$ cat entry19.csv   # CSV, C-alpha atoms
chain,number,residue,atom,x,y,z
A,1,MET,CA,2.7,60.7,19.1
A,2,ALA,CA,2.0,64.1,20.6
A,3,LYS,CA,4.6,66.9,20.1
A,4,ILE,CA,6.4,67.6,23.4
A,5,VAL,CA,6.7,71.3,24.0
A,6,THR,CA,9.5,72.5,26.3
A,7,LEU,CA,9.3,75.6,28.4
A,8,ASP,CA,12.1,78.1,28.8
A,9,ARG,CA,13.2,78.0,32.4
A,10,ALA,CA,14.0,81.7,32.6
A,11,ASP,CA,10.6,82.7,31.2
A,12,PHE,CA,8.9,80.3,33.6
A,13,MET,CA,10.8,81.7,36.6
A,14,ARG,CA,9.9,85.3,35.5
A,15,GLY,CA,6.2,84.4,35.3
A,16,LYS,CA,6.0,84.9,31.5
A,17,VAL,CA,4.5,81.5,30.9
A,18,THR,CA,0.7,81.6,31.1
A,19,LYS,CA,-1.5,79.0,32.7
A,20,LYS,CA,-2.9,78.2,29.3
A,21,GLU,CA,0.5,77.2,28.0
A,22,THR,CA,1.1,75.1,31.1
A,23,ALA,CA,-2.3,73.4,30.8
A,24,GLU,CA,-1.7,72.6,27.1
A,25,LEU,CA,1.7,71.1,27.9
A,26,THR,CA,0.2,69.0,30.7
A,27,ARG,CA,-2.6,67.8,28.4
A,28,LYS,CA,-0.1,66.8,25.7
A,29,LEU,CA,2.2,65.0,28.2
A,30,THR,CA,-0.8,63.1,29.7
A,31,LYS,CA,-1.9,61.8,26.3
A,32,THR,CA,1.7,60.7,25.5
A,33,ASP,CA,2.1,59.1,28.9
A,34,ALA,CA,-1.2,57.2,28.6
A,35,SER,CA,-0.1,55.6,25.2
A,36,VAL,CA,3.2,54.6,26.7
A,37,LEU,CA,1.5,53.1,29.7
A,38,ARG,CA,-0.8,51.1,27.5
A,39,PHE,CA,2.1,49.7,25.6
A,40,ILE,CA,3.9,48.7,28.8
A,41,MET,CA,0.8,47.2,30.3
A,42,LYS,CA,0.3,45.0,27.2
A,43,GLY,CA,3.9,43.7,27.5
A,44,ALA,CA,3.5,43.1,31.2
A,45,THR,CA,0.2,41.3,30.8
A,46,MET,CA,1.9,39.0,28.2
A,47,CYS,CA,4.7,38.2,30.7
A,48,VAL,CA,2.3,37.5,33.5
A,49,VAL,CA,0.2,35.2,31.3
A,50,MET,CA,3.3,33.3,30.1
A,51,ALA,CA,5.0,33.0,33.5
A,52,PRO,CA,3.2,29.8,34.7
A,53,ARG,CA,4.0,28.1,31.4
A,54,GLN,CA,7.7,29.1,31.8
A,55,ALA,CA,7.8,28.0,35.4
A,56,LEU,CA,6.3,24.6,34.7
A,57,ALA,CA,8.5,23.9,31.7
A,58,ALA,CA,11.3,22.5,33.8
A,59,SER,CA,10.9,20.7,37.1
A,60,ALA,CA,9.0,23.0,39.4
A,61,ASP,CA,11.3,22.8,42.4
A,62,ALA,CA,14.5,23.5,40.4
A,63,THR,CA,13.0,26.4,38.5
A,64,PHE,CA,11.3,28.0,41.5
A,65,GLY,CA,14.4,27.5,43.6
A,66,ASN,CA,16.6,29.3,41.1
A,67,VAL,CA,14.1,32.1,40.7
A,68,TRP,CA,13.6,32.4,44.5
A,69,GLN,CA,17.4,32.6,45.1
A,70,ALA,CA,17.7,35.4,42.5
A,71,VAL,CA,14.8,37.3,43.9
A,72,MET,CA,16.1,36.9,47.4
A,73,ASN,CA,19.5,38.4,46.4
A,74,ILE,CA,17.7,41.4,45.0
A,75,VAL,CA,15.5,41.7,48.1
A,76,ASP,CA,18.6,41.6,50.3
A,77,TRP,CA,20.1,44.6,48.6
A,78,ILE,CA,16.7,46.5,48.5
A,79,VAL,CA,16.5,46.0,52.3
A,80,VAL,CA,20.0,47.4,52.7
A,81,GLY,CA,19.0,50.4,50.6
A,82,VAL,CA,15.9,51.0,52.7
A,83,PHE,CA,17.8,50.8,55.9
A,84,ILE,CA,20.5,53.2,54.6
A,85,PHE,CA,17.7,55.6,53.5
A,86,ALA,CA,16.1,55.3,57.0
A,87,GLY,CA,19.4,56.1,58.6
A,88,VAL,CA,19.9,59.2,56.4
A,89,SER,CA,16.3,60.3,57.2
A,90,TRP,CA,16.9,59.9,60.9
A,91,MET,CA,20.2,61.9,60.5
A,92,PHE,CA,18.3,64.8,58.9
A,93,GLY,CA,15.7,64.8,61.7
A,94,HIS,CA,12.9,62.8,60.2
A,95,ARG,CA,12.6,60.3,63.0
A,96,GLY,CA,9.0,59.3,62.3
A,97,LYS,CA,9.7,58.5,58.6
A,98,ALA,CA,12.9,56.7,59.6
A,99,LEU,CA,11.1,54.5,62.1
A,100,GLU,CA,8.3,53.8,59.5
A,101,LEU,CA,11.0,52.8,57.0
A,102,ILE,CA,12.8,50.5,59.4
A,103,ILE,CA,9.6,48.8,60.6
A,104,GLY,CA,8.2,48.4,57.0
A,105,GLY,CA,11.6,47.2,55.7
A,106,ALA,CA,11.9,44.6,58.5
A,107,ALA,CA,8.4,43.4,58.1
A,108,GLY,CA,8.6,43.2,54.3
A,109,TYR,CA,12.0,41.4,54.5
A,110,THR,CA,10.6,38.9,57.0
A,111,LEU,CA,7.6,38.1,54.8
A,112,ALA,CA,9.8,37.8,51.7
A,113,ARG,CA,12.3,35.5,53.5
A,114,HIS,CA,9.6,33.2,54.9
A,115,ALA,CA,7.3,33.2,51.8
A,116,ILE,CA,7.8,29.5,51.2
A,117,ASP,CA,7.1,28.7,54.9
A,118,VAL,CA,3.9,30.7,54.8
A,119,ARG,CA,2.9,29.0,51.5
A,120,ASP,CA,3.5,25.6,53.0
A,121,PHE,CA,1.6,26.5,56.2
A,122,LEU,CA,-1.4,27.7,54.1
A,123,LYS,CA,-1.4,24.5,52.1
A,124,THR,CA,-2.0,22.5,55.3
A,125,LEU,CA,-5.1,24.4,56.2
$ encode --input "entry19.csv" --output "structure tokens"
Amino acid sequence: MAKIVTLDRADFMRGKVTKKETAELTRKLTKTDASVLRFIMKGATMCVVMAPRQALAASADATFGNVWQAVMNIVDWIVVGVFIFAGVSWMFGHRGKALELIIGGAAGYTLARHAIDVRDFLKTL
């Protein structure tokens, strides 16, 4: 693992840190981040590969229903957070960003809530 070098904040603010030192630090962090990302991706790939086997281990409807209920509880709170953030953005004068968040949050929530209906509709095609 690469050695992580820290910069002194005071020296950085005074301009005593050279571009060469900053570039070396960035290069070291990038190498470290890449190895961590590879490790995470290997674990995530294994979870994705094993997910169908775990989902089909019990009865499909019961397992999917439990997972769907848990995911929808999380989605409900994420939407609340998005709408709160939209309200705060609007409060600070970022009306365009707030409207974008409200529209995106509402559309995403509608898709998530009706995912099963969309799946069933697409099955009939």
$ atom_distance --input "entry19.csv" --atom1 "CA of His94 in chain A" --atom2 "CA of Leu111 in chain A"
25.8 Å
$ closest_residue --input "entry19.csv" --among "A:Leu122, A:Ala10, A:His114, A:Ala107" --to "Val79 in chain A" --atoms "only C-alpha atoms"
A:Ala107
$ closest_residue --input "entry19.csv" --among "A:Gly87, A:Val118, A:Lys123, A:Arg113" --to "Val71 in chain A" --atoms "all atoms listed in the file"
A:Arg113
$ atom_distance --input "entry19.csv" --atom1 "CA of Arg95 in chain A" --atom2 "CA of Val80 in chain A"
18.1 Å
$ atom_distance --input "entry19.csv" --atom1 "CA of Ala115 in chain A" --atom2 "CA of Gly96 in chain A"
28.2 Å
$ residues_around --input "entry19.csv" --residues "Gly105 in chain A" --least-positions-apart "3" --cutoff "7 Å" --atoms "only C-alpha atoms" --output "short mmCIF file (atom, residue, chain, number, x, y, z; two decimals) with C-alpha atoms, in the frame of the given file"
data_model
loop_
_atom_site.label_atom_id
_atom_site.label_comp_id
_atom_site.auth_asym_id
_atom_site.auth_seq_id
_atom_site.Cartn_x
_atom_site.Cartn_y
_atom_site.Cartn_z
CA VAL A 79 16.50 46.00 52.30
CA VAL A 82 15.90 51.00 52.70
CA LEU A 101 11.00 52.80 57.00
CA ILE A 102 12.80 50.50 59.40
CA GLY A 108 8.60 43.20 54.30
CA TYR A 109 12.00 41.40 54.50
#
$ closest_residue --input "entry19.csv" --among "A:Val88, A:Ala112, A:Glu100, A:Asp117" --to "Ile74 in chain A" --atoms "all atoms listed in the file"
A:Ala112
